[in-house]
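Have a look at protein_5.cif below; it lists mmCIF, C-alpha atoms.
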```
data_model
#
loop_
_atom_site.label_atom_id
_atom_site.label_comp_id
_atom_site.auth_asym_id
_atom_site.auth_seq_id
_atom_site.Cartn_x
_atom_site.Cartn_y
_atom_site.Cartn_z
CA MET A 1 57.33 103.71 79.21
CA PRO A 2 57.17 100.21 80.76
CA TYR A 3 58.47 99.73 84.26
CA TYR A 4 59.55 96.62 86.06
CA VAL A 5 59.21 95.10 89.48
CA GLU A 6 59.11 91.51 90.56
CA GLY A 7 55.66 90.54 91.84
CA PRO A 8 55.00 88.79 95.16
CA GLU A 9 53.86 85.73 93.20
CA ALA A 10 57.50 85.14 92.18
CA VAL A 11 58.55 84.72 95.82
CA GLY A 12 55.41 82.68 96.48
CA SER A 13 56.13 80.33 93.60
CA ARG A 14 59.64 79.66 94.92
CA ILE A 15 58.18 78.84 98.34
CA LYS A 16 55.70 76.47 96.72
CA ARG A 17 58.39 74.84 94.59
CA GLN A 18 60.62 74.24 97.63
CA ARG A 19 57.68 72.87 99.64
CA LEU A 20 56.70 70.44 96.87
CA ARG A 21 60.33 69.38 96.47
CA LEU A 22 60.21 68.22 100.08
CA GLY A 23 56.81 66.59 99.71
CA MET A 24 55.45 68.88 102.42
CA ALA A 25 51.76 69.72 102.71
CA GLN A 26 50.64 73.32 103.06
CA ALA A 27 49.20 72.47 106.47
CA ASP A 28 52.59 71.20 107.68
CA LEU A 29 54.37 74.34 106.52
CA ALA A 30 51.68 76.45 108.15
CA ALA A 31 52.13 74.65 111.47
CA ALA A 32 55.90 75.12 111.32
CA VAL A 33 55.59 78.91 111.00
CA ARG A 34 52.56 79.22 113.31
CA LYS A 35 50.18 80.32 110.55
CA THR A 36 47.06 78.88 108.91
CA GLN A 37 46.97 76.80 105.75
CA GLY A 38 44.98 79.58 104.11
CA TRP A 39 47.79 82.03 104.88
CA VAL A 40 50.35 79.75 103.21
CA SER A 41 48.08 79.39 100.20
CA LYS A 42 47.82 83.18 99.86
CA VAL A 43 51.59 83.59 100.19
CA GLU A 44 52.22 81.01 97.49
CA SER A 45 49.71 82.64 95.14
CA GLY A 46 51.18 86.11 95.71
CA LYS A 47 48.19 87.51 97.58
CA ILE A 48 50.28 88.15 100.72
CA GLU A 49 53.57 90.02 100.56
CA LEU A 50 56.40 88.86 102.82
CA ASP A 51 57.86 92.03 104.28
CA ARG A 52 59.26 90.80 107.60
CA THR A 53 62.74 89.32 107.73
CA GLY A 54 61.90 87.08 110.67
CA LEU A 55 58.97 85.54 108.83
CA ILE A 56 61.03 84.89 105.70
CA ASN A 57 63.69 83.24 107.84
CA MET A 58 61.10 81.04 109.56
CA LEU A 59 59.74 79.89 106.19
CA ALA A 60 63.23 79.13 104.93
CA ALA A 61 64.07 77.18 108.09
CA ALA A 62 60.86 75.15 107.79
CA LEU A 63 61.69 74.46 104.14
CA HIS A 64 65.31 73.52 104.98
CA CYS A 65 66.88 76.09 102.69
CA HIS A 66 68.69 79.39 102.93
CA PRO A 67 66.41 82.48 102.76
CA ASN A 68 68.28 83.57 99.64
CA ILE A 69 66.82 80.57 97.79
CA LEU A 70 63.32 81.94 98.37
CA LEU A 71 64.35 85.52 97.59
CA GLU A 72 66.58 84.53 94.66
CA ARG A 73 69.55 86.48 95.90
CA PRO A 74 72.06 87.74 94.87
CA TYR A 75 69.86 89.77 92.59
CA ALA A 76 70.68 89.80 88.90
CA GLY A 77 72.36 92.94 87.64
CA ASP A 78 74.08 94.27 84.55
CA VAL A 79 77.77 93.65 83.84
CA HIS A 80 78.90 96.60 85.94
CA GLU A 81 76.73 95.72 88.93
CA ASN A 82 77.88 92.09 88.91
CA GLN A 83 81.55 93.02 89.35
CA TRP A 84 81.27 92.80 93.13
CA GLN A 85 81.09 89.01 92.76
CA VAL A 86 84.61 89.04 91.34
CA ALA A 87 85.84 90.73 94.51
CA ALA A 88 83.82 88.29 96.64
CA ALA A 89 85.51 85.35 94.89
CA SER A 90 88.93 86.86 95.62
CA ILE A 91 88.05 87.25 99.29
CA LEU A 92 86.89 83.63 99.47
CA ARG A 93 90.21 82.54 98.02
CA GLU A 94 92.08 84.43 100.74
CA LEU A 95 89.86 83.05 103.48
CA ARG A 96 90.29 79.47 102.25
CA ARG A 97 94.07 79.68 102.47
CA TYR A 98 94.08 81.17 105.96
CA ASP A 99 96.53 78.55 107.30
CA LEU A 100 98.94 78.66 104.35
CA THR A 101 101.90 80.91 103.79
CA PRO A 102 100.49 84.11 102.26
CA VAL A 103 101.71 85.13 98.82
CA PHE A 104 102.95 88.63 99.60
CA ASP A 105 105.71 90.58 97.89
CA GLY A 106 107.88 92.82 100.03
CA GLU A 107 107.41 93.62 103.69
CA PRO A 108 103.97 94.13 105.21
CA ARG A 109 103.27 97.41 106.94
CA THR A 110 103.12 97.67 110.71
CA SER A 111 99.80 96.99 112.41
CA GLY A 112 99.52 100.69 113.25
CA GLU A 113 99.86 101.64 109.60
CA ILE A 114 97.28 99.06 108.53
CA TRP A 115 94.82 100.23 111.19
CA GLN A 116 95.18 103.77 109.84
CA ASP A 117 94.51 102.50 106.31
CA MET A 118 91.42 100.63 107.50
CA LYS A 119 89.75 103.88 108.53
CA ARG A 120 88.69 104.21 104.89
CA LEU A 121 86.72 100.96 105.33
CA HIS A 122 84.86 102.54 108.23
CA ARG A 123 83.97 105.50 106.02
CA LEU A 124 82.79 103.17 103.27
CA ARG A 125 80.80 101.17 105.83
CA ASP A 126 79.12 104.32 107.07
CA ALA A 127 78.12 105.13 103.49
CA ALA A 128 76.93 101.53 102.90
CA ALA A 129 79.37 101.32 99.95
CA ASN A 130 79.57 97.55 100.18
CA VAL A 131 80.97 96.94 96.71
CA ALA A 132 83.89 99.28 97.38
CA ILE A 133 84.52 97.52 100.70
CA LEU A 134 84.76 94.12 99.03
CA LYS A 135 87.28 95.43 96.51
CA CYS A 136 89.60 96.59 99.31
CA LEU A 137 89.58 93.40 101.36
CA PRO A 138 91.63 90.79 99.44
CA ASP A 139 94.85 92.81 99.73
CA LEU A 140 94.23 93.69 103.37
CA LEU A 141 93.53 90.08 104.36
CA ARG A 142 96.70 88.93 102.60
CA GLU A 143 98.82 91.62 104.22
CA ALA A 144 97.42 90.93 107.69
CA LEU A 145 98.36 87.25 107.40
CA ALA A 146 101.80 88.15 106.10
CA LEU A 147 102.33 90.41 109.10
CA ALA A 148 101.14 87.68 111.48
CA GLU A 149 103.60 85.23 109.96
CA ARG A 150 106.58 87.58 110.13
CA SER A 151 106.03 89.09 113.59
CA THR A 152 105.77 88.00 117.20
CA GLY A 153 104.16 89.08 120.44
CA HIS A 154 101.78 92.02 120.46
CA GLU A 155 102.40 92.87 116.81
CA ARG A 156 101.37 89.35 115.77
CA GLU A 157 98.21 89.61 117.89
CA GLU A 158 97.38 92.94 116.28
CA ALA A 159 97.77 91.37 112.83
CA PHE A 160 95.13 88.82 113.75
CA SER A 161 92.92 91.62 115.08
CA VAL A 162 93.16 93.34 111.71
CA TYR A 163 92.32 90.06 109.98
CA ALA A 164 89.27 89.52 112.21
CA VAL A 165 87.92 93.02 111.56
CA CYS A 166 88.46 92.57 107.81
CA CYS A 167 86.35 89.42 108.10
CA LYS A 168 83.66 91.48 109.82
CA PHE A 169 83.64 93.98 106.95
CA ALA A 170 83.34 91.09 104.48
CA HIS A 171 80.52 89.59 106.56
CA THR A 172 78.49 92.81 106.62
CA ALA A 173 78.94 93.46 102.89
CA ALA A 174 78.09 89.85 102.01
CA HIS A 175 74.87 90.06 104.04
CA SER A 176 73.89 93.26 102.26
CA LEU A 177 74.58 91.87 98.79
CA GLY A 178 73.33 88.33 99.37
CA HIS A 179 76.36 86.00 99.23
CA PRO A 180 75.74 83.13 101.71
CA GLU A 181 79.08 81.37 101.17
CA LEU A 182 81.05 84.52 101.95
CA ILE A 183 78.80 85.19 104.94
CA ALA A 184 79.54 81.78 106.45
CA MET A 185 83.25 81.68 105.75
CA SER A 186 84.00 85.23 106.89
CA CYS A 187 82.22 84.48 110.16
CA GLU A 188 84.25 81.30 110.69
CA ARG A 189 87.54 83.03 109.98
CA ALA A 190 86.66 85.95 112.23
CA ALA A 191 86.13 83.52 115.12
CA TRP A 192 89.47 81.85 114.35
CA ALA A 193 91.41 85.12 114.17
CA ALA A 194 89.66 86.52 117.26
CA GLN A 195 91.09 83.73 119.40
CA LEU A 196 94.61 84.58 118.21
CA SER A 197 94.21 88.34 118.39
CA GLY A 198 94.84 88.99 122.07
CA ASP A 199 91.94 91.46 121.95
CA PRO A 200 89.64 90.44 124.84
CA LEU A 201 86.59 91.91 123.06
CA MET A 202 87.14 90.40 119.62
CA PRO A 203 85.62 86.95 120.41
CA ALA A 204 82.38 88.67 121.45
CA VAL A 205 82.36 90.58 118.16
CA ALA A 206 82.74 87.26 116.31
CA ASP A 207 79.84 85.81 118.33
CA TRP A 208 77.78 88.89 117.42
CA MET A 209 78.41 87.98 113.78
CA ARG A 210 77.34 84.38 114.41
CA VAL A 211 74.08 85.56 115.97
CA TRP A 212 73.26 87.35 112.72
CA ASP A 213 73.89 84.13 110.80
CA MET A 214 71.62 82.17 113.14
CA TRP A 215 68.74 84.40 112.13
CA ALA A 216 68.82 82.83 108.65
CA THR A 217 67.71 79.52 110.18
CA ALA A 218 65.29 81.12 112.67
CA ASP A 219 67.26 79.76 115.65
CA TRP A 220 65.99 82.48 117.94
CA GLN A 221 66.70 80.75 121.28
CA ASP A 222 70.22 79.80 120.22
CA SER A 223 70.75 83.39 119.08
CA VAL A 224 69.87 84.64 122.56
CA ALA A 225 72.05 82.00 124.21
CA LEU A 226 75.02 82.94 122.05
CA SER A 227 74.42 86.63 122.80
CA ASP A 228 74.52 85.87 126.51
CA LYS A 229 77.75 83.93 126.05
CA ALA A 230 79.28 86.94 124.33
CA LEU A 231 78.04 89.30 127.04
CA THR A 232 79.64 87.17 129.73
CA THR A 233 83.06 87.49 128.09
CA VAL A 234 82.94 91.31 128.12
CA GLN A 235 81.03 91.85 131.36
CA ARG A 236 84.03 92.80 133.50
CA ALA A 237 85.35 95.32 130.99
CA TYR A 238 81.81 96.71 130.64
CA ASP A 239 81.49 97.09 134.41
CA ASP A 240 84.83 98.90 134.44
CA GLY A 241 83.54 101.38 131.87
CA ASP A 242 85.91 100.52 129.03
CA PRO A 243 84.58 102.55 126.05
CA LEU A 244 85.02 99.76 123.52
CA ALA A 245 83.42 97.25 125.90
CA LEU A 246 80.42 99.58 126.27
CA ARG A 247 80.03 99.49 122.49
CA VAL A 248 80.37 95.73 122.21
CA TRP A 249 78.06 95.03 125.17
CA GLY A 250 75.39 97.42 123.91
CA THR A 251 75.60 96.11 120.36
CA VAL A 252 75.17 92.51 121.51
CA GLN A 253 72.16 93.50 123.62
CA LEU A 254 70.53 95.07 120.55
CA ARG A 255 71.08 91.90 118.56
CA ALA A 256 69.61 89.87 121.43
CA ALA A 257 66.56 92.16 121.50
CA VAL A 258 65.83 91.44 117.84
CA SER A 259 66.32 87.70 118.44
CA CYS A 260 63.87 87.81 121.35
CA VAL A 261 61.09 89.63 119.53
CA ARG A 262 61.41 87.37 116.49
CA GLY A 263 61.16 84.40 118.83
CA GLY A 264 57.90 85.79 120.24
CA ASN A 265 59.29 87.14 123.52
CA ALA A 266 58.49 90.85 123.34
CA GLY A 267 58.96 91.34 127.08
CA GLU A 268 62.52 90.06 127.04
CA ALA A 269 63.21 92.13 123.93
CA GLU A 270 62.17 95.24 125.87
CA ALA A 271 64.48 94.29 128.74
CA ARG A 272 67.39 93.93 126.32
CA LEU A 273 66.63 97.34 124.86
CA GLU A 274 66.73 98.81 128.37
CA HIS A 275 70.18 97.27 128.92
CA ALA A 276 71.37 98.69 125.60
CA GLU A 277 69.99 102.11 126.50
CA ALA A 278 71.94 102.03 129.76
CA ALA A 279 75.12 101.29 127.82
CA GLY A 280 74.34 104.15 125.43
CA ASN A 281 73.81 106.54 128.32
CA ARG A 282 77.16 105.55 129.80
CA LEU A 283 78.84 106.22 126.47
CA ASP A 284 77.20 109.65 126.30
CA THR A 285 78.66 110.65 129.65
CA LEU A 286 82.27 109.72 128.80
CA ARG A 287 84.69 112.61 128.75
CA GLY A 288 87.85 113.06 126.73
CA ALA A 289 88.77 112.34 123.13
CA PRO A 290 86.63 109.75 121.33
CA VAL A 291 88.10 106.26 121.31
CA TYR A 292 88.78 104.76 117.89
CA ASP A 293 86.12 102.12 117.19
CA ARG A 294 88.49 99.47 115.88
CA HIS A 295 85.76 96.80 115.85
CA SER A 296 83.64 98.82 113.41
CA LEU A 297 80.49 98.87 115.53
CA THR A 298 77.93 101.65 115.19
CA PHE A 299 76.55 101.52 118.71
CA SER A 300 75.16 104.74 120.19
CA SER A 301 72.05 106.13 121.85
CA GLY A 302 70.70 106.88 118.40
CA ASN A 303 71.18 103.27 117.37
CA VAL A 304 69.22 102.16 120.43
CA GLN A 305 66.36 104.45 119.43
CA ILE A 306 66.09 103.09 115.90
CA HIS A 307 66.30 99.51 117.23
CA ARG A 308 63.31 100.26 119.47
CA ILE A 309 61.38 101.23 116.36
CA SER A 310 62.57 98.13 114.50
CA VAL A 311 61.61 95.83 117.39
CA ALA A 312 58.12 97.38 117.50
CA LEU A 313 57.76 96.59 113.79
CA GLU A 314 58.99 93.03 114.29
CA ALA A 315 56.20 92.68 116.85
CA GLY A 316 53.73 93.92 114.22
CA ASN A 317 52.99 97.21 115.98
CA GLN A 318 53.51 99.91 113.37
CA THR A 319 51.56 102.50 115.40
CA LYS A 320 53.99 102.11 118.28
CA ALA A 321 56.92 102.27 115.85
CA LEU A 322 55.71 105.59 114.43
CA THR A 323 55.06 106.97 117.92
CA LEU A 324 58.58 106.02 118.99
CA ASN A 325 59.95 107.72 115.91
CA ARG A 326 58.16 110.97 116.77
CA ARG A 327 59.64 110.83 120.27
CA ALA A 328 63.16 109.98 119.12
CA ASP A 329 65.93 112.57 119.36
CA PRO A 330 66.54 113.81 115.78
CA GLU A 331 70.13 114.80 116.59
CA HIS A 332 70.99 111.30 117.83
CA ILE A 333 69.57 109.73 114.70
CA ALA A 334 71.17 112.33 112.40
CA GLY A 335 74.53 111.40 113.92
CA LEU A 336 74.23 107.78 112.77
CA PRO A 337 76.06 106.63 109.64
CA LYS A 338 74.12 106.54 106.39
CA SER A 339 74.00 102.75 106.47
CA ARG A 340 72.04 102.74 109.75
CA ARG A 341 69.81 105.65 108.72
CA GLY A 342 69.04 103.82 105.49
CA HIS A 343 67.79 100.83 107.51
CA HIS A 344 65.81 103.16 109.72
CA HIS A 345 63.96 104.81 106.86
CA MET A 346 63.23 101.39 105.35
CA ASP A 347 61.55 100.53 108.64
CA LEU A 348 59.56 103.76 108.62
CA SER A 349 58.47 103.05 105.06
CA ARG A 350 57.04 99.70 106.16
CA ALA A 351 55.36 101.30 109.15
CA TRP A 352 53.58 103.90 107.02
CA LEU A 353 52.59 101.26 104.50
CA TRP A 354 51.04 99.12 107.23
CA GLU A 355 49.23 102.24 108.41
CA GLY A 356 47.75 102.55 104.93
CA ASP A 357 49.66 105.66 103.82
CA ARG A 358 51.44 104.69 100.60
CA GLY A 359 52.51 108.28 99.96
CA LYS A 360 54.51 108.57 103.16
CA ALA A 361 55.78 105.01 102.71
CA PHE A 362 57.20 105.95 99.32
CA GLU A 363 58.77 109.15 100.66
CA GLU A 364 60.56 107.19 103.39
CA LEU A 365 61.76 104.62 100.87
CA GLU A 366 63.09 107.42 98.66
CA THR A 367 64.94 108.84 101.66
CA ALA A 368 66.41 105.43 102.47
CA GLU A 369 67.61 104.97 98.90
CA SER A 370 69.14 108.44 98.76
CA LEU A 371 71.13 107.68 101.93
CA ALA A 372 72.32 104.17 101.08
CA PRO A 373 71.46 103.19 97.50
CA GLN A 374 73.46 99.94 97.35
CA LEU A 375 72.05 98.76 100.63
CA VAL A 376 68.43 99.60 99.89
CA ARG A 377 68.27 98.37 96.30
CA ASN A 378 69.71 95.03 97.40
CA HIS A 379 67.56 94.68 100.52
CA PRO A 380 64.70 92.16 100.23
CA ILE A 381 62.46 94.06 102.64
CA ALA A 382 62.91 97.30 100.69
CA ARG A 383 61.97 95.43 97.53
CA ALA A 384 58.94 93.87 99.18
CA THR A 385 57.83 97.29 100.41
CA LEU A 386 58.27 98.76 96.94
CA ARG A 387 56.25 95.91 95.45
CA LYS A 388 53.36 96.62 97.81
CA ILE A 389 53.45 100.32 96.95
CA VAL A 390 53.59 99.60 93.22
CA HIS A 391 50.75 97.09 93.28
CA GLY A 392 48.66 99.48 95.34
CA GLU A 393 49.25 102.28 92.86
CA ARG A 394 48.91 100.38 89.58
CA THR A 395 46.23 102.65 88.16
CA GLY A 396 47.88 105.90 89.16
CA MET A 397 51.62 105.29 88.97
CA SER A 398 53.65 108.46 89.45
CA GLU A 399 56.79 109.08 87.43
CA ARG A 400 58.88 109.04 90.64
CA LEU A 401 57.57 105.59 91.48
CA ARG A 402 58.18 104.36 87.94
CA THR A 403 61.76 105.60 88.12
CA MET A 404 62.42 103.90 91.45
CA SER A 405 60.93 100.65 90.13
CA ASN A 406 63.42 100.72 87.27
CA ARG A 407 66.32 101.24 89.68
CA PHE A 408 65.25 98.28 91.81
CA HIS A 409 66.00 96.03 88.99
CA PRO A 410 65.03 95.62 85.39
CA HIS A 411 66.27 92.07 84.90
CA ASP A 412 64.07 88.98 84.91
CA GLN A 413 61.16 90.74 86.56
CA ALA A 414 57.47 91.02 85.70
CA ARG A 415 56.49 93.88 83.39
CA PHE A 416 53.61 96.29 83.90
CA HIS A 417 52.36 99.02 81.59
#
```
Represent the supplied structure as structure tokens.
Amino acid sequence: MPYYVEGPEAVGSRIKRQRLRLGMAQADLAAAVRKTQGWVSKVESGKIELDRTGLINMLAAALHCHPNILLERPYAGDVHENQWQVAAASILRELRRYDLTPVFDGEPRTSGEIWQDMKRLHRLRDAAANVAILKCLPDLLREALALAERSTGHEREEAFSVYAVCCKFAHTAAHSLGHPELIAMSCERAAWAAQLSGDPLMPAVADWMRVWDMWATADWQDSVALSDKALTTVQRAYDDGDPLALRVWGTVQLRAAVSCVRGGNAGEAEARLEHAEAAGNRLDTLRGAPVYDRHSLTFSSGNVQIHRISVALEAGNQTKALTLNRRADPEHIAGLPKSRRGHHHMDLSRAWLWEGDRGKAFEELETAESLAPQLVRNHPIARATLRKIVHGERTGMSERLRTMSNRFHPHDQARFH
């Protein structure tokens, strides 16, 4: 039976095509990403696999294009798998008419009722069910605006809070599925709604989203500066021990840590991780009933641990990453949502691959896919890792590996026998 997987030469050819379109020499591109001309040549010919997000983003920034152009995202799917783009188009329509009277029949529910309904989005987020999330959002965005228009005072502010969090859900799903227009617009509307929400933490959440978007253009220093701006706005509430502020502050520190290591500042990345760990420890010591995470953040001590592993990988130190994983608390990691654990096992797959153990790399990738199939099959780094495993095992392809290759997309990809 034939199996399919796009080869690294496909990504390389798109990089070459974009470089030639700009009239840029290989040496100039190499200088822009702090590599040698020989390295660029090997990337373009498919001899080097790009399996680091930061490096892909740096190449895209140097070539003045979005990373999705080089990766050819969103990935092609069959009719059923493409239906998420219908929902994405509906969300874009709602976001474009944010300052117009919403078309809404009847009376909107109260903010309390809508917040209760949004708990299903948190469950879908935890399961990395991004397509299902997108299908829910058009109606919720419309209802939140209708409530804002028909209410006053605190209820109106809460309506804008709902709208901002809906934008965050759209932003996360759009990143996972590869829809740059929805990514940009949902981030802009989240910032707009956050200012009207009356929630003192919501603007920092919107800035946290913007930091993620800055990664696409490899603006590492600006990402750190924006993170610090966000931290300043929540510092007092963090110092006071507000549970939601602890989550926001810790989450922003984790994002800053990734920005630092991608910018070549591993020492500062470690300092940011220490700050995040302190916030996680404070959360662990809180007593009483858990506070509802209305901002949909997954911050915890376990999340800090897997970010330490991810930062080590970004620095190119897979041995350290695997050592950190052995030392990590299994219970903390097991308590993370499937979406975060899926990312974690993708990282471990890369680490084992870089260590030269394709068997363990494949096992980790299988685990990641079983936890969060939509996320993993649509993730460019997971695909790059699978490509390296496949090309390393061409002569002895196992049936499990063939089957995974088919799942990671049969359309418009190179064929092997």
Apply the PyMOL selection byres ((chain A and resi 190) around 7) to the file shown and report the selected residues as a compact mmCIF listing (two decimals) with C-alpha atoms, keeping the file's coordinate frame.
```
# COMPACT_ATOMS: atom_id res chain seq x y z
CA ALA A 164 89.27 89.52 112.21
CA CYS A 167 86.35 89.42 108.10
CA LYS A 168 83.66 91.48 109.82
CA SER A 186 84.00 85.23 106.89
CA CYS A 187 82.22 84.48 110.16
CA GLU A 188 84.25 81.30 110.69
CA ARG A 189 87.54 83.03 109.98
CA ALA A 191 86.13 83.52 115.12
CA TRP A 192 89.47 81.85 114.35
CA ALA A 193 91.41 85.12 114.17
CA ALA A 194 89.66 86.52 117.26
CA ALA A 206 82.74 87.26 116.31
```
Given the file shown, enumerate the residues that the PyMOL selection byres ((chain A and resi 205) around 12) captures and present them as a compact mmCIF listing (two decimals) with C-alpha atoms, keeping the file's coordinate frame.
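Everything below was put into part.txt:
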```
# COMPACT_ATOMS: atom_id res chain seq x y z
CA SER A 161 92.92 91.62 115.08
CA ALA A 164 89.27 89.52 112.21
CA VAL A 165 87.92 93.02 111.56
CA CYS A 167 86.35 89.42 108.10
CA LYS A 168 83.66 91.48 109.82
CA PHE A 169 83.64 93.98 106.95
CA HIS A 171 80.52 89.59 106.56
CA CYS A 187 82.22 84.48 110.16
CA ALA A 190 86.66 85.95 112.23
CA ALA A 191 86.13 83.52 115.12
CA TRP A 192 89.47 81.85 114.35
CA ALA A 193 91.41 85.12 114.17
CA ALA A 194 89.66 86.52 117.26
CA GLN A 195 91.09 83.73 119.40
CA ASP A 199 91.94 91.46 121.95
CA PRO A 200 89.64 90.44 124.84
CA LEU A 201 86.59 91.91 123.06
CA MET A 202 87.14 90.40 119.62
CA PRO A 203 85.62 86.95 120.41
CA ALA A 204 82.38 88.67 121.45
CA ALA A 206 82.74 87.26 116.31
CA ASP A 207 79.84 85.81 118.33
CA TRP A 208 77.78 88.89 117.42
CA MET A 209 78.41 87.98 113.78
CA ARG A 210 77.34 84.38 114.41
CA VAL A 211 74.08 85.56 115.97
CA TRP A 212 73.26 87.35 112.72
CA LEU A 226 75.02 82.94 122.05
CA SER A 227 74.42 86.63 122.80
CA LYS A 229 77.75 83.93 126.05
CA ALA A 230 79.28 86.94 124.33
CA LEU A 231 78.04 89.30 127.04
CA THR A 233 83.06 87.49 128.09
CA VAL A 234 82.94 91.31 128.12
CA LEU A 244 85.02 99.76 123.52
CA ALA A 245 83.42 97.25 125.90
CA ARG A 247 80.03 99.49 122.49
CA VAL A 248 80.37 95.73 122.21
CA TRP A 249 78.06 95.03 125.17
CA GLY A 250 75.39 97.42 123.91
CA THR A 251 75.60 96.11 120.36
CA VAL A 252 75.17 92.51 121.51
CA GLN A 253 72.16 93.50 123.62
CA ARG A 255 71.08 91.90 118.56
CA ARG A 294 88.49 99.47 115.88
CA HIS A 295 85.76 96.80 115.85
CA SER A 296 83.64 98.82 113.41
CA LEU A 297 80.49 98.87 115.53
```
Exercise: residues within 9 Å of coordinate (61.1, 80.8, 105.9), counting all atoms listed in the file, as a VMD selection string: chain A and resid 15 33 53 to 67 70 216 to 218
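Across the model, the gap from CA of Ala173 (chain A) to CA of Met185 (chain A) is 12.9 Å.
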Within 9 Å of Ala334 (chain A) using only C-alpha atoms, minus same-chain residues under 5 positions, as a ChimeraX atom specification: /A:302,329,341
Output check: residues returned by the PyMOL selection byres ((chain A and resi 377) around 12), as JSON, numbers by chain: {"A": [5, 73, 74, 75, 76, 77, 81, 128, 130, 176, 177, 178, 342, 343, 346, 365, 366, 368, 369, 370, 371, 372, 373, 374, 375, 376, 378, 379, 380, 381, 382, 383, 384, 385, 386, 404, 405, 406, 407, 408, 409, 410]}
Emit the selected residues as an mmCIF file, in the coordinates of the input, including C-alpha atoms.
```
data_model
loop_
_atom_site.group_PDB
_atom_site.id
_atom_site.type_symbol
_atom_site.label_atom_id
_atom_site.label_comp_id
_atom_site.auth_asym_id
_atom_site.auth_seq_id
_atom_site.Cartn_x
_atom_site.Cartn_y
_atom_site.Cartn_z
ATOM 1 C CA VAL A 5 59.210 95.100 89.480
ATOM 2 C CA ARG A 73 69.550 86.480 95.900
ATOM 3 C CA PRO A 74 72.060 87.740 94.870
ATOM 4 C CA TYR A 75 69.860 89.770 92.590
ATOM 5 C CA ALA A 76 70.680 89.800 88.900
ATOM 6 C CA GLY A 77 72.360 92.940 87.640
ATOM 7 C CA GLU A 81 76.730 95.720 88.930
ATOM 8 C CA ALA A 128 76.930 101.530 102.900
ATOM 9 C CA ASN A 130 79.570 97.550 100.180
ATOM 10 C CA SER A 176 73.890 93.260 102.260
ATOM 11 C CA LEU A 177 74.580 91.870 98.790
ATOM 12 C CA GLY A 178 73.330 88.330 99.370
ATOM 13 C CA GLY A 342 69.040 103.820 105.490
ATOM 14 C CA HIS A 343 67.790 100.830 107.510
ATOM 15 C CA MET A 346 63.230 101.390 105.350
ATOM 16 C CA LEU A 365 61.760 104.620 100.870
ATOM 17 C CA GLU A 366 63.090 107.420 98.660
ATOM 18 C CA ALA A 368 66.410 105.430 102.470
ATOM 19 C CA GLU A 369 67.610 104.970 98.900
ATOM 20 C CA SER A 370 69.140 108.440 98.760
ATOM 21 C CA LEU A 371 71.130 107.680 101.930
ATOM 22 C CA ALA A 372 72.320 104.170 101.080
ATOM 23 C CA PRO A 373 71.460 103.190 97.500
ATOM 24 C CA GLN A 374 73.460 99.940 97.350
ATOM 25 C CA LEU A 375 72.050 98.760 100.630
ATOM 26 C CA VAL A 376 68.430 99.600 99.890
ATOM 27 C CA ASN A 378 69.710 95.030 97.400
ATOM 28 C CA HIS A 379 67.560 94.680 100.520
ATOM 29 C CA PRO A 380 64.700 92.160 100.230
ATOM 30 C CA ILE A 381 62.460 94.060 102.640
ATOM 31 C CA ALA A 382 62.910 97.300 100.690
ATOM 32 C CA ARG A 383 61.970 95.430 97.530
ATOM 33 C CA ALA A 384 58.940 93.870 99.180
ATOM 34 C CA THR A 385 57.830 97.290 100.410
ATOM 35 C CA LEU A 386 58.270 98.760 96.940
ATOM 36 C CA MET A 404 62.420 103.900 91.450
ATOM 37 C CA SER A 405 60.930 100.650 90.130
ATOM 38 C CA ASN A 406 63.420 100.720 87.270
ATOM 39 C CA ARG A 407 66.320 101.240 89.680
ATOM 40 C CA PHE A 408 65.250 98.280 91.810
ATOM 41 C CA HIS A 409 66.000 96.030 88.990
ATOM 42 C CA PRO A 410 65.030 95.620 85.390
#
```
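Residue nearest Gln85 (chain A), chosen from A:Arg19, A:His307, A:Lys47, A:His179 and counting only C-alpha atoms: A:His179.
In this model, the gap between CA of Ala27 (chain A) and CA of Ser41 (chain A) comes to 9.4 Å.
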Please rebuild region 343-349 of chain A with N, CA and C atoms and give the result as an mmCIF file, in the coordinates of the input.
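Listed below is the output, out.cif:
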```cif
data_model
loop_
_atom_site.group_PDB
_atom_site.id
_atom_site.type_symbol
_atom_site.label_atom_id
_atom_site.label_comp_id
_atom_site.auth_asym_id
_atom_site.auth_seq_id
_atom_site.Cartn_x
_atom_site.Cartn_y
_atom_site.Cartn_z
ATOM 1 N N HIS A 343 68.630 101.865 106.898
ATOM 2 C CA HIS A 343 67.790 100.830 107.510
ATOM 3 C C HIS A 343 66.599 101.444 108.233
ATOM 4 N N HIS A 344 66.866 102.519 108.940
ATOM 5 C CA HIS A 344 65.810 103.160 109.720
ATOM 6 C C HIS A 344 64.674 103.655 108.826
ATOM 7 N N HIS A 345 65.008 104.300 107.738
ATOM 8 C CA HIS A 345 63.960 104.810 106.860
ATOM 9 C C HIS A 345 63.250 103.685 106.103
ATOM 10 N N MET A 346 63.933 102.565 105.885
ATOM 11 C CA MET A 346 63.230 101.390 105.350
ATOM 12 C C MET A 346 62.167 100.923 106.337
ATOM 13 N N ASP A 347 62.521 100.908 107.618
ATOM 14 C CA ASP A 347 61.550 100.530 108.640
ATOM 15 C C ASP A 347 60.359 101.486 108.665
ATOM 16 N N LEU A 348 60.653 102.783 108.600
ATOM 17 C CA LEU A 348 59.560 103.760 108.620
ATOM 18 C C LEU A 348 58.674 103.617 107.386
ATOM 19 N N SER A 349 59.269 103.269 106.259
ATOM 20 C CA SER A 349 58.470 103.050 105.060
ATOM 21 C C SER A 349 57.480 101.908 105.270
#
```
